[in-house]
>>> print(open('coords-v9.txt').read())   # compact mmCIF, C-alpha atoms and all ligand atoms
# COMPACT_ATOMS: atom_id res chain seq x y z
CA MET V 1 20.44 -19.51 -20.31
CA SER V 2 18.90 -22.68 -18.86
CA ASP V 3 15.77 -24.03 -20.50
CA LEU V 4 13.73 -23.31 -17.35
CA HIS V 5 15.05 -19.74 -17.16
CA ALA V 6 14.04 -19.15 -20.78
CA ARG V 7 10.57 -20.54 -20.10
CA HIS V 8 10.32 -18.42 -16.93
CA LYS V 9 11.14 -15.26 -18.93
CA ALA V 10 8.69 -16.17 -21.67
CA VAL V 11 5.70 -16.67 -19.43
CA LEU V 12 6.21 -14.70 -16.18
CA PRO V 13 6.34 -10.91 -15.72
CA ASP V 14 9.62 -9.09 -16.37
CA TRP V 15 9.42 -7.57 -12.87
CA LEU V 16 9.42 -10.96 -11.16
CA ALA V 17 13.11 -10.65 -10.36
CA VAL V 18 15.35 -13.65 -9.82
CA TYR V 19 18.74 -13.70 -8.12
CA TYR V 20 21.96 -14.64 -9.95
CA LYS V 21 23.05 -14.38 -13.59
CA ASP V 22 22.34 -18.09 -13.88
CA PRO V 23 19.27 -18.35 -11.62
CA LEU V 24 18.96 -21.22 -9.19
CA GLU V 25 16.29 -23.88 -9.27
CA ILE V 26 16.09 -25.21 -5.73
CA THR V 27 14.64 -28.69 -5.67
CA HIS V 28 14.85 -29.71 -2.02
CA GLY V 29 16.20 -28.84 1.39
CA GLU V 30 17.08 -30.29 4.77
CA GLY V 31 17.95 -28.42 7.95
CA ARG V 32 19.94 -25.36 6.92
CA HIS V 33 20.83 -26.70 3.48
CA VAL V 34 19.20 -26.70 0.04
CA TRP V 35 20.08 -28.50 -3.21
CA ASP V 36 19.76 -27.23 -6.77
CA ALA V 37 18.57 -29.10 -9.85
CA ASP V 38 22.17 -30.15 -10.63
CA GLY V 39 22.50 -31.73 -7.19
CA ARG V 40 24.73 -28.98 -5.77
CA LYS V 41 24.40 -28.37 -2.05
CA TYR V 42 24.24 -24.89 -0.50
CA LEU V 43 24.29 -23.61 3.05
CA ASP V 44 21.19 -21.41 3.21
CA PHE V 45 21.71 -18.04 4.92
CA PHE V 46 18.58 -16.46 3.46
CA GLY V 47 15.81 -19.03 4.01
CA GLY V 48 13.76 -17.88 1.05
CA ILE V 49 13.80 -14.27 2.39
CA LEU V 50 13.34 -15.26 6.05
CA THR V 51 10.53 -17.64 5.22
CA THR V 52 12.12 -20.90 6.29
CA MET V 53 12.12 -19.99 9.96
CA THR V 54 13.03 -23.19 11.77
CA ALA V 55 14.60 -25.57 9.23
CA HIS V 56 14.05 -26.98 5.76
CA ALA V 57 11.96 -30.17 5.64
CA LEU V 58 11.43 -30.09 9.40
CA PRO V 59 9.98 -33.58 10.16
CA GLU V 60 7.42 -32.18 12.64
CA VAL V 61 6.02 -29.79 10.00
CA THR V 62 6.12 -32.43 7.25
CA LYS V 63 4.18 -34.86 9.46
CA ALA V 64 1.53 -32.29 10.42
CA VAL V 65 1.07 -31.16 6.80
CA THR V 66 0.95 -34.72 5.46
CA GLU V 67 -1.62 -35.81 8.04
CA GLN V 68 -3.74 -32.72 7.39
CA ALA V 69 -3.50 -33.21 3.61
CA GLY V 70 -4.85 -36.72 4.07
CA ARG V 71 -7.95 -35.27 5.76
CA ILE V 72 -8.75 -31.95 4.03
CA LEU V 73 -6.73 -29.03 2.63
CA HIS V 74 -9.30 -26.31 3.12
CA SER V 75 -12.98 -26.09 3.86
CA SER V 76 -13.59 -22.27 3.43
CA THR V 77 -13.92 -19.60 6.10
CA LEU V 78 -17.67 -20.31 6.18
CA TYR V 79 -17.11 -23.33 8.44
CA LEU V 80 -15.34 -23.69 11.75
CA ASN V 81 -11.65 -24.45 11.34
CA ARG V 82 -10.00 -26.06 14.40
CA PRO V 83 -6.33 -25.46 13.46
CA MET V 84 -7.18 -21.83 12.59
CA VAL V 85 -8.76 -21.25 16.00
CA GLU V 86 -5.82 -22.95 17.75
CA LEU V 87 -3.16 -20.95 15.91
CA ALA V 88 -5.12 -17.70 16.46
CA GLU V 89 -5.30 -18.46 20.20
CA ARG V 90 -1.56 -18.97 20.39
CA ILE V 91 -0.68 -15.89 18.32
CA SER V 92 -3.13 -13.65 20.17
CA GLN V 93 -1.55 -14.71 23.46
CA LEU V 94 2.01 -14.24 22.14
CA SER V 95 1.27 -10.86 20.54
CA GLY V 96 1.16 -8.92 23.81
CA ILE V 97 -1.91 -7.05 22.49
CA PRO V 98 -4.78 -7.07 25.02
CA ASP V 99 -8.11 -8.56 23.92
CA ALA V 100 -6.46 -9.47 20.61
CA ARG V 101 -8.22 -10.80 17.52
CA VAL V 102 -6.33 -12.48 14.67
CA PHE V 103 -7.19 -12.54 10.98
CA PHE V 104 -5.20 -14.82 8.68
CA THR V 105 -4.18 -13.87 5.15
CA THR V 106 -1.98 -15.61 2.62
CA SER V 107 0.94 -13.15 2.49
CA GLY V 108 2.56 -10.22 4.26
CA THR V 109 1.34 -7.84 1.60
CA GLU V 110 -2.25 -8.87 2.17
CA ALA V 111 -1.73 -8.62 5.94
CA ASN V 112 -0.59 -5.01 5.54
CA ASP V 113 -3.50 -4.29 3.19
CA THR V 114 -5.83 -5.53 5.89
CA ALA V 115 -4.08 -3.48 8.57
CA LEU V 116 -4.47 -0.36 6.40
CA LEU V 117 -8.12 -1.15 5.81
CA LEU V 118 -8.66 -1.48 9.56
CA ALA V 119 -6.73 1.66 10.47
CA THR V 120 -8.29 3.88 7.81
CA THR V 121 -11.79 2.63 8.61
CA TYR V 122 -11.34 2.90 12.38
CA ARG V 123 -9.88 6.39 12.16
CA ARG V 124 -11.89 7.56 9.11
CA SER V 125 -8.79 8.93 7.42
CA ASN V 126 -6.89 7.81 4.34
CA GLN V 127 -3.65 9.47 5.45
CA ILE V 128 -0.87 7.16 6.58
CA LEU V 129 2.54 7.84 8.06
CA ALA V 130 5.26 5.47 6.88
CA MET V 131 9.01 5.39 7.32
CA ARG V 132 11.52 6.40 4.69
CA ASN V 133 13.31 3.40 3.19
CA SER V 134 10.50 1.06 4.31
CA TYR V 135 9.04 -1.96 2.52
CA HIS V 136 5.54 -3.30 3.13
CA GLY V 137 4.64 -5.16 -0.07
CA ARG V 138 3.54 -4.27 -3.55
CA SER V 139 -0.21 -4.52 -3.75
CA PHE V 140 -2.14 -1.40 -4.70
CA SER V 141 -2.20 -0.05 -1.17
CA ALA V 142 1.05 -1.55 0.17
CA VAL V 143 3.07 -0.07 -2.66
CA GLY V 144 1.88 3.38 -1.71
CA ILE V 145 3.25 3.12 1.82
CA THR V 146 6.56 1.59 0.79
CA GLY V 147 9.11 4.34 1.27
CA ASN V 148 11.80 2.44 -0.59
CA ARG V 149 11.34 3.86 -4.08
CA GLY V 150 13.26 1.06 -5.75
CA TRP V 151 10.38 -1.17 -4.75
CA SER V 152 7.40 1.11 -5.26
CA PRO V 153 7.16 1.84 -8.97
CA THR V 154 3.84 3.68 -8.84
CA SER V 155 2.59 6.53 -6.74
CA LEU V 156 -1.03 6.04 -7.78
CA SER V 157 -1.98 4.89 -4.32
CA PRO V 158 -5.46 5.15 -2.82
CA LEU V 159 -3.74 6.43 0.33
CA GLN V 160 -2.03 9.70 1.11
CA THR V 161 1.31 8.81 2.59
CA LEU V 162 3.78 10.99 4.47
CA TYR V 163 7.23 9.68 5.20
CA VAL V 164 8.89 9.98 8.57
CA HIS V 165 12.61 9.96 9.47
CA GLY V 166 14.01 7.36 11.83
CA GLY V 167 14.22 3.92 10.21
CA VAL V 168 17.82 4.42 9.13
CA ARG V 169 20.23 5.24 11.91
CA THR V 170 23.50 5.64 10.05
CA ARG V 171 22.64 7.74 7.02
CA GLY V 172 20.51 10.83 6.47
CA PRO V 173 20.23 14.19 8.22
CA PHE V 174 20.38 12.77 11.75
CA ALA V 175 23.33 10.41 11.25
CA GLY V 176 26.15 10.83 13.71
CA LEU V 177 23.93 11.84 16.64
CA SER V 178 23.91 9.91 19.91
CA ASP V 179 20.98 7.50 20.35
CA ALA V 180 19.13 9.91 22.63
CA ASP V 181 19.72 12.88 20.32
CA PHE V 182 18.72 10.82 17.27
CA ILE V 183 15.43 9.88 18.93
CA ALA V 184 14.84 13.47 20.03
CA ALA V 185 15.52 14.77 16.48
CA CYS V 186 13.16 12.22 14.90
CA VAL V 187 10.44 12.97 17.44
CA GLU V 188 10.79 16.69 16.81
CA ASP V 189 10.54 16.04 13.07
CA LEU V 190 7.38 13.97 13.61
CA ARG V 191 5.85 16.66 15.82
CA ASP V 192 6.65 19.27 13.18
CA LEU V 193 5.03 17.16 10.46
CA LEU V 194 1.90 16.59 12.54
CA GLY V 195 1.67 20.30 13.14
CA HIS V 196 1.03 20.79 9.41
CA ILE V 197 -1.54 18.10 8.66
CA ARG V 198 -4.80 16.60 9.88
CA PRO V 199 -4.07 13.61 12.14
CA PRO V 200 -3.45 10.55 9.93
CA ALA V 201 -4.91 7.11 10.58
CA ALA V 202 -1.72 5.32 11.54
CA LEU V 203 2.03 5.05 11.45
CA ILE V 204 3.22 1.81 9.89
CA ALA V 205 6.80 0.77 10.57
CA GLU V 206 9.10 -2.25 10.51
CA PRO V 207 10.93 -2.37 13.86
CA ILE V 208 14.04 -3.29 11.82
CA GLN V 209 13.82 -2.45 8.12
CA GLY V 210 14.21 -5.67 6.17
CA VAL V 211 14.37 -4.99 2.43
CA GLY V 212 15.83 -1.60 3.38
CA GLY V 213 19.03 -3.33 4.49
CA PHE V 214 18.43 -4.57 8.06
CA THR V 215 18.68 -1.06 9.46
CA SER V 216 17.80 -0.70 13.10
CA PRO V 217 16.86 2.51 14.89
CA PRO V 218 17.96 2.95 18.51
CA ASP V 219 15.83 1.03 21.00
CA GLY V 220 12.95 3.12 22.21
CA LEU V 221 12.42 5.19 19.04
CA TYR V 222 8.96 3.79 18.42
CA ALA V 223 8.02 4.13 22.08
CA ALA V 224 8.92 7.83 21.83
CA PHE V 225 6.94 8.12 18.57
CA ARG V 226 4.07 6.33 20.24
CA ASP V 227 3.72 8.96 22.93
CA VAL V 228 3.33 11.62 20.22
CA LEU V 229 0.94 9.48 18.17
CA LYS V 230 -1.25 8.82 21.20
CA GLU V 231 -1.70 12.58 21.71
CA HIS V 232 -3.41 12.63 18.30
CA GLY V 233 -5.19 9.27 18.50
CA ILE V 234 -2.98 7.92 15.68
CA LEU V 235 -2.54 4.11 15.62
CA TRP V 236 0.78 2.29 15.43
CA ILE V 237 1.01 -0.65 13.04
CA ALA V 238 4.12 -2.78 13.60
CA ASP V 239 5.04 -4.74 10.47
CA GLU V 240 6.68 -7.83 11.96
CA VAL V 241 6.87 -9.75 8.69
CA GLN V 242 10.65 -10.04 9.01
CA THR V 243 11.28 -9.29 12.68
CA GLY V 244 8.75 -11.59 14.34
CA TRP V 245 9.02 -15.04 15.97
CA GLY V 246 12.31 -14.49 17.82
CA ARG V 247 14.53 -13.82 14.83
CA THR V 248 16.13 -10.82 16.53
CA GLY V 249 17.24 -13.03 19.43
CA GLU V 250 16.65 -10.58 22.25
CA HIS V 251 12.93 -10.29 21.68
CA PHE V 252 10.11 -12.41 20.31
CA TRP V 253 8.77 -9.38 18.40
CA GLY V 254 10.74 -6.47 17.04
CA TRP V 255 8.38 -3.99 18.72
CA GLN V 256 9.56 -5.17 22.13
CA ALA V 257 12.81 -3.23 21.68
CA HIS V 258 10.49 -0.20 21.77
CA GLY V 259 8.03 -1.59 24.25
CA GLN V 260 8.00 1.07 26.95
CA SER V 261 4.69 2.48 25.79
CA GLY V 262 3.06 -0.90 25.25
CA PRO V 263 2.34 -3.16 22.30
CA PRO V 264 1.32 -1.80 18.89
CA ASP V 265 -2.34 -1.23 18.10
CA ILE V 266 -2.03 -3.51 15.07
CA LEU V 267 0.65 -6.11 14.33
CA THR V 268 1.16 -7.79 10.96
CA PHE V 269 3.06 -11.04 10.40
CA ALA V 270 3.83 -13.54 7.62
CA LYS V 271 6.81 -15.43 6.23
CA GLY V 272 8.42 -17.49 9.02
CA ILE V 273 5.32 -18.70 10.85
CA GLY V 274 4.41 -21.09 8.02
CA ASN V 275 8.01 -22.19 7.37
CA GLY V 276 7.12 -21.90 3.68
CA ALA V 277 3.36 -22.49 3.89
CA SER V 278 1.49 -19.31 2.86
CA ILE V 279 0.43 -17.67 6.10
CA GLY V 280 0.14 -13.97 6.79
CA GLY V 281 -2.01 -12.23 9.31
CA VAL V 282 -3.08 -9.27 11.37
CA VAL V 283 -3.49 -8.98 15.13
CA ALA V 284 -5.42 -6.06 16.62
CA ARG V 285 -7.45 -5.15 19.69
CA ALA V 286 -11.05 -6.33 19.27
CA GLU V 287 -12.28 -2.76 19.11
CA ILE V 288 -10.11 -2.09 16.04
CA MET V 289 -10.47 -5.49 14.36
CA ASN V 290 -14.24 -5.38 14.67
CA CYS V 291 -14.68 -1.88 13.21
CA LEU V 292 -15.31 -3.31 9.74
CA ASP V 293 -18.81 -3.84 8.49
CA ALA V 294 -17.99 -6.99 6.52
CA ASN V 295 -18.49 -10.73 6.39
CA SER V 296 -14.87 -11.43 5.61
CA ILE V 297 -11.99 -9.92 3.68
CA SER V 298 -10.79 -13.03 1.95
CA THR V 299 -12.30 -16.50 2.12
CA PHE V 300 -8.97 -18.19 1.64
CA GLY V 301 -6.75 -17.11 4.54
CA GLY V 302 -6.08 -19.71 7.22
CA THR V 303 -6.54 -22.87 5.18
CA GLN V 304 -6.36 -26.01 7.30
CA ILE V 305 -3.20 -27.14 5.53
CA THR V 306 -1.28 -23.91 6.24
CA MET V 307 -2.57 -23.70 9.81
CA ALA V 308 -1.33 -27.25 10.48
CA ALA V 309 2.11 -26.18 9.24
CA GLY V 310 2.03 -23.03 11.38
CA LEU V 311 1.02 -24.85 14.56
CA ALA V 312 3.74 -27.50 14.20
CA ASN V 313 6.33 -24.88 13.29
CA LEU V 314 5.47 -22.57 16.17
CA SER V 315 5.52 -25.45 18.68
CA TYR V 316 8.95 -26.51 17.45
CA LEU V 317 10.26 -22.95 17.65
CA LEU V 318 9.08 -22.48 21.24
CA GLU V 319 9.98 -25.96 22.52
CA HIS V 320 13.53 -25.71 21.14
CA ASP V 321 14.06 -22.08 22.20
CA LEU V 322 15.11 -21.00 18.73
CA GLN V 323 14.91 -17.39 19.86
CA GLY V 324 17.70 -18.18 22.34
CA ASN V 325 19.60 -19.98 19.59
CA ALA V 326 19.24 -16.93 17.33
CA ARG V 327 20.65 -14.76 20.11
CA ARG V 328 23.63 -17.05 20.83
CA VAL V 329 24.57 -18.17 17.32
CA GLY V 330 23.66 -14.80 15.79
CA GLY V 331 25.85 -13.06 18.36
CA LEU V 332 28.82 -15.26 17.41
CA LEU V 333 28.19 -14.74 13.72
CA ILE V 334 28.04 -10.96 14.11
CA GLU V 335 31.32 -11.02 16.07
CA ARG V 336 32.98 -13.19 13.45
CA LEU V 337 31.80 -10.97 10.58
CA ARG V 338 32.92 -7.84 12.41
CA ALA V 339 36.41 -9.34 12.73
CA VAL V 340 36.44 -9.94 8.95
CA ALA V 341 35.08 -6.44 8.28
CA ALA V 342 37.83 -4.86 10.36
CA GLN V 343 40.31 -6.04 7.71
CA LEU V 344 38.21 -4.92 4.73
CA PRO V 345 37.64 -1.17 4.37
CA VAL V 346 34.87 -1.85 1.86
CA VAL V 347 32.62 -3.06 4.65
CA ARG V 348 31.04 0.05 6.07
CA GLU V 349 29.14 -1.70 8.81
CA VAL V 350 28.13 -5.12 10.10
CA ARG V 351 24.86 -4.62 11.94
CA GLY V 352 22.09 -6.72 13.24
CA ARG V 353 20.36 -8.56 15.96
CA GLY V 354 20.11 -12.30 16.41
CA LEU V 355 19.94 -13.94 13.01
CA MET V 356 19.09 -10.78 11.07
CA ILE V 357 22.48 -9.46 10.02
CA GLY V 358 23.37 -6.82 7.42
CA VAL V 359 26.80 -6.22 5.88
CA GLU V 360 26.87 -2.84 4.16
CA LEU V 361 29.41 -2.39 1.35
CA VAL V 362 30.87 0.88 0.07
CA ARG V 363 33.19 1.80 -2.78
CA PRO V 364 36.75 1.54 -1.53
CA GLY V 365 37.88 4.69 0.24
CA THR V 366 34.42 6.34 0.11
CA ASP V 367 31.09 6.31 1.90
CA GLU V 368 29.22 5.59 -1.34
CA ALA V 369 26.99 2.51 -1.60
CA ASP V 370 28.46 -0.20 -3.82
CA PRO V 371 25.65 -2.22 -5.43
CA ASP V 372 27.99 -3.79 -8.01
CA ALA V 373 30.17 -5.23 -5.29
CA ALA V 374 27.12 -6.54 -3.43
CA ALA V 375 25.93 -8.30 -6.60
CA ALA V 376 29.41 -9.73 -7.18
CA VAL V 377 29.69 -10.98 -3.58
CA LEU V 378 26.29 -12.64 -3.92
CA GLU V 379 27.53 -14.53 -7.01
CA ALA V 380 30.86 -15.43 -5.39
CA ALA V 381 29.15 -16.69 -2.22
CA ARG V 382 26.90 -18.89 -4.33
CA GLU V 383 29.98 -20.25 -6.13
CA GLY V 384 31.39 -21.02 -2.69
CA GLY V 385 28.18 -22.88 -1.70
CA LEU V 386 26.43 -20.18 0.36
CA LEU V 387 23.11 -18.43 -0.32
CA ILE V 388 22.65 -14.91 1.05
CA GLY V 389 20.39 -11.99 0.14
CA LYS V 390 20.87 -8.33 -0.60
CA GLY V 391 18.93 -5.15 0.10
CA GLY V 392 19.32 -1.58 1.25
CA GLY V 393 17.43 1.28 -0.33
CA HIS V 394 17.42 1.28 -4.11
CA ASN V 395 21.18 0.89 -4.08
CA THR V 396 21.01 -2.66 -2.75
CA SER V 397 24.50 -2.53 -1.32
CA VAL V 398 23.77 -4.46 1.86
CA LEU V 399 24.29 -8.21 2.11
CA ARG V 400 21.43 -9.73 4.06
CA ILE V 401 22.04 -12.75 6.26
CA ALA V 402 19.02 -14.44 7.80
CA PRO V 403 19.43 -18.22 8.11
CA PRO V 404 16.85 -20.59 9.60
CA LEU V 405 16.82 -20.05 13.37
CA SER V 406 18.14 -23.55 14.11
CA LEU V 407 21.56 -22.62 12.68
CA THR V 408 24.43 -24.38 14.48
CA VAL V 409 27.69 -22.78 15.56
CA ALA V 410 29.61 -24.95 13.05
CA GLU V 411 27.32 -23.79 10.23
CA ALA V 412 27.71 -20.16 11.29
CA GLU V 413 31.51 -20.58 11.17
CA GLU V 414 31.33 -22.31 7.79
CA GLY V 415 29.09 -19.61 6.30
CA ALA V 416 31.25 -16.80 7.67
CA ALA V 417 34.34 -18.42 6.12
CA ILE V 418 32.65 -18.72 2.71
CA LEU V 419 31.47 -15.12 2.92
CA GLU V 420 34.95 -13.94 3.86
CA ARG V 421 36.40 -15.70 0.80
CA ALA V 422 33.65 -14.19 -1.40
CA LEU V 423 34.35 -10.68 -0.10
CA ARG V 424 38.10 -11.08 -0.60
CA SER V 425 37.59 -12.43 -4.13
CA VAL V 426 35.67 -9.31 -5.13
CA TYR V 427 38.00 -6.73 -3.58
N1 LIG G 501 6.47 -6.43 5.03
C1 LIG G 501 7.79 -6.65 5.10
C2 LIG G 501 8.56 -6.02 6.22
C3 LIG G 501 8.44 -7.49 4.18
O1 LIG G 501 9.75 -7.69 4.27
C4 LIG G 501 7.66 -8.10 3.17
C5 LIG G 501 8.28 -9.04 2.14
N2 LIG G 501 9.62 -8.96 1.92
C6 LIG G 501 6.30 -7.83 3.11
C7 LIG G 501 5.73 -7.01 4.06
C8 LIG G 501 5.44 -8.45 2.07
O2 LIG G 501 5.28 -9.79 2.37
P1 LIG G 501 4.90 -10.84 1.22
O3 LIG G 501 6.07 -10.89 0.28
O4 LIG G 501 4.65 -12.10 1.98
O5 LIG G 501 3.68 -10.36 0.55
>>> encode(input="coords-v9.txt", output="structure tokens", more="lines below")
Ligand code: PMP
Amino acid sequence: MSDLHARHKAVLPDWLAVYYKDPLEITHGEGRHVWDADGRKYLDFFGGILTTMTAHALPEVTKAVTEQAGRILHSSTLYLNRPMVELAERISQLSGIPDARVFFTTSGTEANDTALLLATTYRRSNQILAMRNSYHGRSFSAVGITGNRGWSPTSLSPLQTLYVHGGVRTRGPFAGLSDADFIAACVEDLRDLLGHIRPPAALIAEPIQGVGGFTSPPDGLYAAFRDVLKEHGILWIADEVQTGWGRTGEHFWGWQAHGQSGPPDILTFAKGIGNGASIGGVVARAEIMNCLDANSISTFGGTQITMAAGLANLSYLLEHDLQGNARRVGGLLIERLRAVAAQLPVVREVRGRGLMIGVELVRPGTDEADPDAAAAVLEAAREGGLLIGKGGGHNTSVLRIAPPLSLTVAEAEEGAAILERALRSVY
């Protein structure tokens, strides 16, 4: 065990999990690469769990942060904050939500907490609908709406949560149905559930489940849900912490694949917008955002230093059409990985959109999740110089691939080749 690992274990909580038997200490990065404390270089296909959205050490972000740091890091929410107003203006316009207001937090968890506070206050109900296999964070309220039991160790939530079918397309009681029949079955299930309970405050859902293994329902599922929810006045909260900012290639937000019945009532975001600076946030119609009788929720969200990073990062993303790059390079990468998978029966499915790609592993000759293989492939990929993630229910048998959105075709090819070698070395 390295000295730093021993010190980590001695002073940090046991549940603060780290990847790899010999955990990595990443000391710096550039573009799509990072280096460890021994000077070893890795191609980064996980971006700190989709946090490094554009590129590591992006000069535009470094410059903006450095200049801002030379002026002031944070002045409190009690004073006007120019970069906060500017980033809120841009996000409100991009969100698609009419008359949108934006509140900044410091993480995705806190963004979801705020969304729950808004929805429960606005609707005067502490009942929430969430998706099975979902992940929304692990604060006191977020843990209670996280359907993925491997990640929600307590049920002592202040909320009453009911879990809905639909996030996972390929497993569960509705697997094997056509897209239209799957949507119809999930909608019928939702209607049945609502027939038994008082109308809840909101449904919270990730358009593509992230921690749950990059599972994607058929396009239009949430639009169909929305029609039912609207009949009961129930709000829709789209958790875009992983799916936002063009990562899925085809759309800027994940909800747009389900956009027929309009934007969500509340949208939460985090991770990528700061490119590593701690930004989370909530967007909602003014009527919903302003339902709270409060002065603030936190005085620390939207610090000048993080807002400067977010503005520079967002400008770079839009000016360089990284959404288009995610669509093109992600499409090639998915094709390449599917060709590899066709030769390896242990790969159950390669799925994804843009640069959000899941590779689900099963025990040879079965349909059973294979978490041991996923852990072994993760180690072997690292040995080969590639960082990836894993996820997928509590079985964590899905390899998660989510590189910075500026990934080049050559890097996609290189990463796919390393992953192929890692998969073959394990099976
Ligand atoms: N929502 C989703 C969909 C997430 O994937 C995550 C983090 N993995 C969160 C919320 C929580 O975000 P954070 O870790 O920034 O608190």
>>> closest_residue(input="coords-v9.txt", among="V:Glu110, V:Glu25, V:Asp99, V:Glu89", to="ligand LIG 501 (chain G)", atoms="all atoms listed in the file")
V:Glu110
>>> residues_near_ligand(input="coords-v9.txt", ligand="ligand LIG 501 (chain G)", cutoff="7 Å", atoms="only C-alpha atoms and all ligand atoms", output="PyMOL selection string")
chain V and resi 49+107-110+112+135-137+206+209-211+239-242+270-271+280
>>> write_last_selection(input="coords-v9.txt", atoms="C-alpha atoms", output="PDB file, keeping the file's coordinate frame")
ATOM      1  CA  ILE V  49      13.800 -14.270   2.390  1.00  0.00           C
ATOM      2  CA  SER V 107       0.940 -13.150   2.490  1.00  0.00           C
ATOM      3  CA  GLY V 108       2.560 -10.220   4.260  1.00  0.00           C
ATOM      4  CA  THR V 109       1.340  -7.840   1.600  1.00  0.00           C
ATOM      5  CA  GLU V 110      -2.250  -8.870   2.170  1.00  0.00           C
ATOM      6  CA  ASN V 112      -0.590  -5.010   5.540  1.00  0.00           C
ATOM      7  CA  TYR V 135       9.040  -1.960   2.520  1.00  0.00           C
ATOM      8  CA  HIS V 136       5.540  -3.300   3.130  1.00  0.00           C
ATOM      9  CA  GLY V 137       4.640  -5.160  -0.070  1.00  0.00           C
ATOM     10  CA  GLU V 206       9.100  -2.250  10.510  1.00  0.00           C
ATOM     11  CA  GLN V 209      13.820  -2.450   8.120  1.00  0.00           C
ATOM     12  CA  GLY V 210      14.210  -5.670   6.170  1.00  0.00           C
ATOM     13  CA  VAL V 211      14.370  -4.990   2.430  1.00  0.00           C
ATOM     14  CA  ASP V 239       5.040  -4.740  10.470  1.00  0.00           C
ATOM     15  CA  GLU V 240       6.680  -7.830  11.960  1.00  0.00           C
ATOM     16  CA  VAL V 241       6.870  -9.750   8.690  1.00  0.00           C
ATOM     17  CA  GLN V 242      10.650 -10.040   9.010  1.00  0.00           C
ATOM     18  CA  ALA V 270       3.830 -13.540   7.620  1.00  0.00           C
ATOM     19  CA  LYS V 271       6.810 -15.430   6.230  1.00  0.00           C
ATOM     20  CA  GLY V 280       0.140 -13.970   6.790  1.00  0.00           C
TER      21      GLY V 280
END
>>> atom_distance(input="coords-v9.txt", atom1="CA of Leu194 (chain V)", atom2="CA of Thr243 (chain V)")
27.5 Å
>>> closest_residue(input="coords-v9.txt", among="V:Ala10, V:Ile204, V:Ala184, V:Ile305", to="Thr146 (chain V)", atoms="all atoms listed in the file")
V:Ile204
>>> closest_residue(input="coords-v9.txt", among="V:Leu4, V:Leu16, V:Leu94, V:Ala284", to="Gln256 (chain V)", atoms="only C-alpha atoms")
V:Leu94
>>> residues_near_point(input="coords-v9.txt", point="(24.3, -3.4, 0.6)", cutoff="10 Å", atoms="all atoms listed in the file", output="mmCIF file with C-alpha atoms, keeping the file's coordinate frame")
data_model
loop_
_atom_site.group_PDB
_atom_site.id
_atom_site.type_symbol
_atom_site.label_atom_id
_atom_site.label_comp_id
_atom_site.auth_asym_id
_atom_site.auth_seq_id
_atom_site.Cartn_x
_atom_site.Cartn_y
_atom_site.Cartn_z
ATOM 1 C CA GLY V 212 15.830 -1.600 3.380
ATOM 2 C CA GLY V 213 19.030 -3.330 4.490
ATOM 3 C CA PHE V 214 18.430 -4.570 8.060
ATOM 4 C CA VAL V 347 32.620 -3.060 4.650
ATOM 5 C CA ARG V 348 31.040 0.050 6.070
ATOM 6 C CA GLU V 349 29.140 -1.700 8.810
ATOM 7 C CA GLY V 358 23.370 -6.820 7.420
ATOM 8 C CA VAL V 359 26.800 -6.220 5.880
ATOM 9 C CA GLU V 360 26.870 -2.840 4.160
ATOM 10 C CA LEU V 361 29.410 -2.390 1.350
ATOM 11 C CA VAL V 362 30.870 0.880 0.070
ATOM 12 C CA ALA V 369 26.990 2.510 -1.600
ATOM 13 C CA ASP V 370 28.460 -0.200 -3.820
ATOM 14 C CA PRO V 371 25.650 -2.220 -5.430
ATOM 15 C CA ASP V 372 27.990 -3.790 -8.010
ATOM 16 C CA ALA V 373 30.170 -5.230 -5.290
ATOM 17 C CA ALA V 374 27.120 -6.540 -3.430
ATOM 18 C CA ALA V 375 25.930 -8.300 -6.600
ATOM 19 C CA GLY V 389 20.390 -11.990 0.140
ATOM 20 C CA LYS V 390 20.870 -8.330 -0.600
ATOM 21 C CA GLY V 391 18.930 -5.150 0.100
ATOM 22 C CA GLY V 392 19.320 -1.580 1.250
ATOM 23 C CA GLY V 393 17.430 1.280 -0.330
ATOM 24 C CA HIS V 394 17.420 1.280 -4.110
ATOM 25 C CA ASN V 395 21.180 0.890 -4.080
ATOM 26 C CA THR V 396 21.010 -2.660 -2.750
ATOM 27 C CA SER V 397 24.500 -2.530 -1.320
ATOM 28 C CA VAL V 398 23.770 -4.460 1.860
ATOM 29 C CA LEU V 399 24.290 -8.210 2.110
ATOM 30 C CA ARG V 400 21.430 -9.730 4.060
#
>>> closest_residue(input="coords-v9.txt", among="V:Arg285, V:Arg40, V:Arg123, V:His196", to="His28 (chain V)", atoms="only C-alpha atoms")
V:Arg40
>>> closest_residue(input="coords-v9.txt", among="V:Pro83, V:Gly324, V:Pro23, V:Gly47", to="Gly249 (chain V)", atoms="all atoms listed in the file")
V:Gly324
>>> atom_distance(input="coords-v9.txt", atom1="CA of Asp293 (chain V)", atom2="CA of Thr121 (chain V)")
9.5 Å
>>> atom_distance(input="coords-v9.txt", atom1="CA of Gly167 (chain V)", atom2="CA of Arg226 (chain V)")
14.5 Å
>>> axis_aligned_box(input="coords-v9.txt", around="region 324-338 of chain V", padding_each_side="6 Å", output="JSON")
{"center_x": 25.3, "center_y": -13.9, "center_z": 16.5, "size_x": 27.3, "size_y": 24.1, "size_z": 23.8}
